[in-house]
$ cat input-v2.pdb   # PDB, C-alpha atoms, pLDDT in the B column
ATOM      1  CA  MET A 311      69.218 -34.358   6.185  1.00 41.00           C
ATOM      2  CA  ILE A 312      67.022 -36.927   7.924  1.00 48.00           C
ATOM      3  CA  GLU A 313      68.819 -40.056   9.019  1.00 45.00           C
ATOM      4  CA  GLU A 314      66.857 -43.276   8.778  1.00 49.00           C
ATOM      5  CA  LYS A 315      67.101 -46.062  11.303  1.00 52.00           C
ATOM      6  CA  SER A 316      68.754 -49.197  10.018  1.00 63.00           C
ATOM      7  CA  GLU A 317      66.482 -51.510  11.983  1.00 80.00           C
ATOM      8  CA  ASN A 318      63.452 -53.253  10.578  1.00 81.00           C
ATOM      9  CA  ASN A 319      59.960 -52.023  11.321  1.00 87.00           C
ATOM     10  CA  LEU A 320      56.908 -54.224  11.720  1.00 91.00           C
ATOM     11  CA  TYR A 321      54.301 -53.970   8.931  1.00 92.00           C
ATOM     12  CA  GLU A 322      51.105 -55.734   7.909  1.00 92.00           C
ATOM     13  CA  LEU A 323      50.131 -56.570   4.366  1.00 91.00           C
ATOM     14  CA  THR A 324      46.460 -57.321   3.739  1.00 90.00           C
ATOM     15  CA  PHE A 325      45.496 -58.362   0.240  1.00 90.00           C
ATOM     16  CA  LEU A 326      42.804 -59.772  -2.031  1.00 89.00           C
ATOM     17  CA  LEU A 327      43.749 -62.558  -4.442  1.00 89.00           C
ATOM     18  CA  ALA A 328      41.891 -64.134  -7.334  1.00 87.00           C
ATOM     19  CA  GLN A 329      43.175 -67.616  -6.346  1.00 85.00           C
ATOM     20  CA  GLU A 330      44.010 -69.029  -2.925  1.00 83.00           C
ATOM     21  CA  ASN A 331      47.794 -68.946  -3.295  1.00 81.00           C
ATOM     22  CA  SER A 332      49.913 -66.504  -1.294  1.00 79.00           C
ATOM     23  CA  ALA A 333      53.284 -67.859  -2.423  1.00 85.00           C
ATOM     24  CA  LYS A 334      53.820 -65.006  -4.899  1.00 84.00           C
ATOM     25  CA  ALA A 335      53.168 -62.279  -2.282  1.00 86.00           C
ATOM     26  CA  ARG A 336      55.469 -64.002   0.223  1.00 89.00           C
ATOM     27  CA  GLU A 337      58.162 -64.285  -2.449  1.00 90.00           C
ATOM     28  CA  ILE A 338      57.928 -60.550  -3.262  1.00 90.00           C
ATOM     29  CA  ILE A 339      58.267 -59.629   0.435  1.00 90.00           C
ATOM     30  CA  GLU A 340      61.320 -61.839   0.903  1.00 91.00           C
ATOM     31  CA  LYS A 341      62.854 -60.654  -2.384  1.00 91.00           C
ATOM     32  CA  ASN A 342      62.736 -57.062  -1.084  1.00 90.00           C
ATOM     33  CA  GLY A 343      64.534 -57.948   2.146  1.00 91.00           C
ATOM     34  CA  GLY A 344      61.517 -58.606   4.360  1.00 91.00           C
ATOM     35  CA  LYS A 345      61.076 -61.399   6.870  1.00 92.00           C
ATOM     36  CA  VAL A 346      57.562 -62.860   7.272  1.00 92.00           C
ATOM     37  CA  ASN A 347      56.615 -63.383  10.928  1.00 91.00           C
ATOM     38  CA  GLN A 348      52.966 -64.425  10.646  1.00 90.00           C
ATOM     39  CA  GLU A 349      50.550 -65.436   7.939  1.00 90.00           C
ATOM     40  CA  LYS A 350      46.842 -64.822   8.359  1.00 88.00           C
ATOM     41  CA  THR A 351      44.481 -67.563   7.247  1.00 86.00           C
ATOM     42  CA  PHE A 352      42.637 -67.145   3.969  1.00 85.00           C
ATOM     43  CA  ALA A 353      38.942 -66.385   3.824  1.00 89.00           C
ATOM     44  CA  LYS A 354      36.792 -66.396   0.717  1.00 91.00           C
ATOM     45  CA  ILE A 355      34.777 -63.193   0.695  1.00 91.00           C
ATOM     46  CA  HIS A 356      32.026 -61.770  -1.480  1.00 92.00           C
ATOM     47  CA  LEU A 357      33.028 -58.365  -2.820  1.00 91.00           C
ATOM     48  CA  THR A 358      30.467 -55.596  -2.481  1.00 91.00           C
ATOM     49  CA  TYR A 359      31.142 -54.548  -6.049  1.00 91.00           C
ATOM     50  CA  PRO A 360      33.139 -56.355  -8.747  1.00 91.00           C
ATOM     51  CA  ILE A 361      36.844 -55.543  -8.873  1.00 87.00           C
ATOM     52  CA  LEU A 362      38.612 -56.523 -12.093  1.00 85.00           C
ATOM     53  CA  LYS A 363      35.496 -58.521 -13.030  1.00 88.00           C
ATOM     54  CA  GLN A 364      35.787 -60.601  -9.828  1.00 87.00           C
ATOM     55  CA  SER A 365      32.777 -61.014  -7.508  1.00 91.00           C
ATOM     56  CA  TYR A 366      34.627 -63.180  -4.993  1.00 91.00           C
ATOM     57  CA  ALA A 367      38.185 -63.012  -3.721  1.00 91.00           C
ATOM     58  CA  PHE A 368      40.462 -64.628  -1.170  1.00 91.00           C
ATOM     59  CA  MET A 369      41.513 -62.290   1.616  1.00 91.00           C
ATOM     60  CA  GLY A 370      44.762 -62.953   3.438  1.00 90.00           C
ATOM     61  CA  GLY A 371      47.653 -61.186   5.012  1.00 91.00           C
ATOM     62  CA  PHE A 372      51.161 -61.212   6.380  1.00 91.00           C
ATOM     63  CA  GLN A 373      52.873 -59.588   9.297  1.00 93.00           C
ATOM     64  CA  PHE A 374      56.481 -58.938   8.354  1.00 92.00           C
ATOM     65  CA  GLU A 375      59.597 -56.944   9.186  1.00 92.00           C
ATOM     66  CA  ILE A 376      61.325 -54.793   6.592  1.00 91.00           C
ATOM     67  CA  LEU A 377      63.468 -51.685   6.400  1.00 91.00           C
ATOM     68  CA  PRO A 378      61.366 -48.516   6.047  1.00 89.00           C
ATOM     69  CA  SER A 379      63.340 -47.539   2.941  1.00 88.00           C
ATOM     70  CA  ALA A 380      62.326 -50.790   1.198  1.00 90.00           C
ATOM     71  CA  VAL A 381      58.563 -50.287   1.608  1.00 90.00           C
ATOM     72  CA  ASP A 382      58.244 -48.107  -1.517  1.00 90.00           C
ATOM     73  CA  LYS A 383      60.062 -50.676  -3.640  1.00 91.00           C
ATOM     74  CA  LEU A 384      57.897 -53.439  -2.151  1.00 90.00           C
ATOM     75  CA  THR A 385      54.756 -51.473  -3.015  1.00 90.00           C
ATOM     76  CA  LYS A 386      55.883 -51.029  -6.620  1.00 90.00           C
ATOM     77  CA  ASN A 387      56.628 -54.752  -6.956  1.00 89.00           C
ATOM     78  CA  LEU A 388      53.235 -55.681  -5.500  1.00 88.00           C
ATOM     79  CA  HIS A 389      51.531 -53.370  -8.014  1.00 87.00           C
ATOM     80  CA  LEU A 390      53.289 -55.203 -10.832  1.00 87.00           C
ATOM     81  CA  ASP A 391      52.065 -58.608  -9.632  1.00 79.00           C
ATOM     82  CA  GLY A 392      49.016 -59.654 -11.648  1.00 75.00           C
ATOM     83  CA  GLY A 393      47.535 -62.018  -9.050  1.00 80.00           C
ATOM     84  CA  LEU A 394      46.798 -59.355  -6.456  1.00 86.00           C
ATOM     85  CA  ILE A 395      43.436 -57.651  -6.860  1.00 87.00           C
ATOM     86  CA  ARG A 396      43.984 -55.130  -4.039  1.00 89.00           C
ATOM     87  CA  PHE A 397      46.471 -54.733  -1.189  1.00 90.00           C
ATOM     88  CA  MET A 398      47.255 -52.446   1.719  1.00 91.00           C
ATOM     89  CA  ILE A 399      50.472 -52.073   3.720  1.00 90.00           C
ATOM     90  CA  SER A 400      50.233 -50.557   7.206  1.00 90.00           C
ATOM     91  CA  ARG A 401      52.435 -50.247  10.267  1.00 90.00           C
ATOM     92  CA  ALA A 402      51.657 -52.963  12.794  1.00 83.00           C
ATOM     93  CA  LYS A 403      51.646 -52.977  16.559  1.00 76.00           C
ATOM     94  CA  SER A 404      54.631 -54.677  18.144  1.00 64.00           C
ATOM     95  CA  SER A 405      54.281 -57.918  20.107  1.00 60.00           C
ATOM     96  CA  ASN A 406      53.948 -56.108  23.452  1.00 60.00           C
ATOM     97  CA  GLY A 407      50.846 -54.272  22.209  1.00 56.00           C
ATOM     98  CA  VAL A 408      52.504 -50.882  21.890  1.00 53.00           C
ATOM     99  CA  SER A 409      52.036 -49.116  18.583  1.00 51.00           C
ATOM    100  CA  ALA A 410      55.139 -49.221  16.427  1.00 51.00           C
ATOM    101  CA  ARG A 411      54.412 -45.700  15.238  1.00 51.00           C
ATOM    102  CA  PRO A 412      55.017 -42.806  17.615  1.00 44.00           C
ATOM    103  CA  THR A 413      51.753 -41.348  18.802  1.00 40.00           C
ATOM    104  CA  ARG A 414      50.932 -37.810  19.796  1.00 42.00           C
ATOM    105  CA  SER A 415      50.580 -37.252  23.477  1.00 40.00           C
ATOM    106  CA  PHE A 416      47.324 -35.802  24.731  1.00 43.00           C
ATOM    107  CA  VAL A 417      47.611 -32.304  26.102  1.00 45.00           C
ATOM    108  CA  PRO A 418      44.397 -30.897  27.568  1.00 49.00           C
ATOM    109  CA  ARG A 419      43.401 -27.412  26.523  1.00 49.00           C
ATOM    110  CA  SER A 420      43.926 -24.698  29.045  1.00 52.00           C
ATOM    111  CA  ALA A 421      41.096 -22.358  29.962  1.00 50.00           C
ATOM    112  CA  SER A 422      42.428 -19.662  27.634  1.00 50.00           C
ATOM    113  CA  THR A 423      42.501 -21.939  24.552  1.00 52.00           C
ATOM    114  CA  GLN A 424      39.123 -23.586  24.991  1.00 54.00           C
ATOM    115  CA  ARG A 425      36.473 -22.739  22.470  1.00 59.00           C
ATOM    116  CA  LEU A 426      34.021 -20.115  23.528  1.00 59.00           C
ATOM    117  CA  VAL A 427      30.417 -21.162  23.589  1.00 64.00           C
ATOM    118  CA  ARG A 428      28.059 -18.502  22.356  1.00 68.00           C
ATOM    119  CA  LYS A 429      24.938 -17.936  24.350  1.00 68.00           C
ATOM    120  CA  PRO A 430      21.781 -17.548  22.333  1.00 69.00           C
ATOM    121  CA  ALA A 431      20.490 -14.004  22.054  1.00 66.00           C
ATOM    122  CA  PRO A 432      17.664 -13.255  24.443  1.00 66.00           C
ATOM    123  CA  GLU A 433      14.312 -13.450  22.765  1.00 66.00           C
ATOM    124  CA  SER A 434      12.415 -10.216  22.664  1.00 66.00           C
ATOM    125  CA  SER A 435       8.747 -10.795  23.174  1.00 72.00           C
ATOM    126  CA  LEU A 436       6.960  -8.636  20.637  1.00 75.00           C
ATOM    127  CA  THR A 437       3.249  -8.652  20.303  1.00 83.00           C
ATOM    128  CA  ASN A 438       1.478  -8.632  17.012  1.00 87.00           C
ATOM    129  CA  GLU A 439       0.592  -4.979  17.502  1.00 88.00           C
ATOM    130  CA  ALA A 440       4.218  -3.995  18.074  1.00 87.00           C
ATOM    131  CA  ILE A 441       5.271  -5.882  14.958  1.00 88.00           C
ATOM    132  CA  GLU A 442       2.601  -4.155  12.883  1.00 90.00           C
ATOM    133  CA  LYS A 443       3.758  -0.726  14.136  1.00 91.00           C
ATOM    134  CA  LYS A 444       7.341  -1.471  13.150  1.00 90.00           C
ATOM    135  CA  ILE A 445       6.245  -2.637   9.689  1.00 91.00           C
ATOM    136  CA  GLU A 446       4.252   0.577   9.191  1.00 92.00           C
ATOM    137  CA  GLU A 447       7.264   2.669  10.261  1.00 92.00           C
ATOM    138  CA  ILE A 448       9.489   0.860   7.801  1.00 91.00           C
ATOM    139  CA  LEU A 449       7.038   1.226   4.931  1.00 91.00           C
ATOM    140  CA  LYS A 450       6.653   5.023   5.428  1.00 82.00           C
TER     141      LYS A 450
END

$ encode --input "input-v2.pdb" --output "structure tokens"
Amino acid sequence: MIEEKSENNLYELTFLLAQENSAKAREIIEKNGGKVNQEKTFAKIHLTYPILKQSYAFMGGFQFEILPSAVDKLTKNLHLDGGLIRFMISRAKSSNGVSARPTRSFVPRSASTQRLVRKPAPESSLTNEAIEKKIEEILK
């Protein structure tokens, strides 16, 4: 059984809204036990293609802390909100610039595990006469 940490992780929520009002998204985060640390300023953007019959939307975001177990419930509640056109939740980098998610360490390949590079086959220089002889031999 995997034990989950009981400390909050840092996440980012980026979303598109039909109207410039993020109060509903903030309320959903706080209702699910999250604490908003930062709010990104809104920007009106032109959508490349219409989403829910909207050509323009307001893009904003939050950086917040929440328990990892509460993220699924938060996602479900955000889906139910009618004001959000689209949203994305991702793990954020911590304040010291280190990624909050564990990263894989780089291990260089040893000489035995490196990919082998195939050398091109040497070109045989055949003359037209030699080619014609081979064709005649094949056709006989």

$ resolve_selection --input "input-v2.pdb" --expression "the PyMOL selection byres ((chain A and resi 359-366) around 10)" --output "ChimeraX atom specification"
/A:326-329,354-358,367-369,395-396

$ closest_residue --input "input-v2.pdb" --among "A:Leu394, A:Leu449, A:Leu388, A:Val346" --to "Glu330 of chain A" --atoms "only C-alpha atoms"
A:Leu394

$ closest_residue --input "input-v2.pdb" --among "A:Gln373, A:Gln348, A:Asn342, A:Ser435" --to "Leu320 of chain A" --atoms "all atoms listed in the file"
A:Gln373

$ atom_distance --input "input-v2.pdb" --atom1 "atom CA of Gly392 of chain A" --atom2 "atom CA of Glu375 of chain A"
23.5 Å

$ resolve_selection --input "input-v2.pdb" --expression "the PyMOL selection byres ((chain A and resi 400) around 8)" --output "list in words"
Tyr321, Glu322, Leu323, Met398, Ile399, Arg401 and Ala402 of chain A

$ resolve_selection --input "input-v2.pdb" --expression "the PyMOL selection byres ((chain A and resi 380) around 10)" --output "PDB file with C-alpha atoms, keeping the file's coordinate frame"
ATOM      1  CA  ASN A 318      63.452 -53.253  10.578  1.00 81.00           C
ATOM      2  CA  ILE A 339      58.267 -59.629   0.435  1.00 90.00           C
ATOM      3  CA  ASN A 342      62.736 -57.062  -1.084  1.00 90.00           C
ATOM      4  CA  GLY A 343      64.534 -57.948   2.146  1.00 91.00           C
ATOM      5  CA  GLY A 344      61.517 -58.606   4.360  1.00 91.00           C
ATOM      6  CA  ILE A 376      61.325 -54.793   6.592  1.00 91.00           C
ATOM      7  CA  LEU A 377      63.468 -51.685   6.400  1.00 91.00           C
ATOM      8  CA  PRO A 378      61.366 -48.516   6.047  1.00 89.00           C
ATOM      9  CA  SER A 379      63.340 -47.539   2.941  1.00 88.00           C
ATOM     10  CA  VAL A 381      58.563 -50.287   1.608  1.00 90.00           C
ATOM     11  CA  ASP A 382      58.244 -48.107  -1.517  1.00 90.00           C
ATOM     12  CA  LYS A 383      60.062 -50.676  -3.640  1.00 91.00           C
ATOM     13  CA  LEU A 384      57.897 -53.439  -2.151  1.00 90.00           C
ATOM     14  CA  THR A 385      54.756 -51.473  -3.015  1.00 90.00           C
TER      15      THR A 385
END

$ closest_residue --input "input-v2.pdb" --among "A:Leu436, A:Leu390, A:Ile445, A:Ala353" --to "Ile338 of chain A" --atoms "all atoms listed in the file"
A:Leu390

$ closest_residue --input "input-v2.pdb" --among "A:Glu317, A:Phe374, A:Thr324, A:Lys386" --to "Glu340 of chain A" --atoms "only C-alpha atoms"
A:Phe374

$ atom_distance --input "input-v2.pdb" --atom1 "atom CA of Ala333 of chain A" --atom2 "atom CA of Asn387 of chain A"
14.3 Å

$ atom_distance --input "input-v2.pdb" --atom1 "atom CA of Lys341 of chain A" --atom2 "atom CA of Asn319 of chain A"
16.5 Å

$ decode --input "input-v2.pdb" --residues "segment 354-367 of chain A" --atoms "N, CA and C atoms" --output "short mmCIF file (atom, residue, chain, number, x, y, z; two decimals), in the first residue's frame"
data_model
loop_
_atom_site.label_atom_id
_atom_site.label_comp_id
_atom_site.auth_asym_id
_atom_site.auth_seq_id
_atom_site.Cartn_x
_atom_site.Cartn_y
_atom_site.Cartn_z
N LYS A 354 -7.16 39.30 -21.96
CA LYS A 354 -8.18 38.92 -22.94
C LYS A 354 -7.45 38.40 -24.16
N ILE A 355 -7.80 37.18 -24.57
CA ILE A 355 -7.11 36.56 -25.70
C ILE A 355 -8.11 36.17 -26.77
N HIS A 356 -7.63 36.17 -28.00
CA HIS A 356 -8.42 35.69 -29.14
C HIS A 356 -8.14 34.20 -29.29
N LEU A 357 -9.19 33.39 -29.28
CA LEU A 357 -9.02 31.95 -29.41
C LEU A 357 -8.81 31.59 -30.87
N THR A 358 -7.92 30.66 -31.12
CA THR A 358 -7.62 30.24 -32.49
C THR A 358 -8.86 29.66 -33.16
N TYR A 359 -9.62 28.91 -32.42
CA TYR A 359 -10.88 28.38 -32.92
C TYR A 359 -11.92 28.55 -31.81
N PRO A 360 -13.19 28.71 -32.17
CA PRO A 360 -14.22 28.92 -31.14
C PRO A 360 -14.36 27.73 -30.22
N ILE A 361 -14.45 28.01 -28.93
CA ILE A 361 -14.70 26.98 -27.92
C ILE A 361 -16.00 27.36 -27.23
N LEU A 362 -16.97 26.47 -27.25
CA LEU A 362 -18.29 26.73 -26.70
C LEU A 362 -18.87 28.04 -27.25
N LYS A 363 -18.71 28.22 -28.54
CA LYS A 363 -19.21 29.39 -29.28
C LYS A 363 -18.59 30.71 -28.82
N GLN A 364 -17.41 30.65 -28.21
CA GLN A 364 -16.70 31.84 -27.75
C GLN A 364 -15.48 32.06 -28.64
N SER A 365 -15.30 33.28 -29.16
CA SER A 365 -14.12 33.61 -29.95
C SER A 365 -13.04 34.26 -29.11
N TYR A 366 -13.45 34.88 -28.01
CA TYR A 366 -12.53 35.52 -27.08
C TYR A 366 -12.74 34.93 -25.69
N ALA A 367 -11.70 34.98 -24.89
CA ALA A 367 -11.81 34.49 -23.52
C ALA A 367 -10.82 35.25 -22.64
#
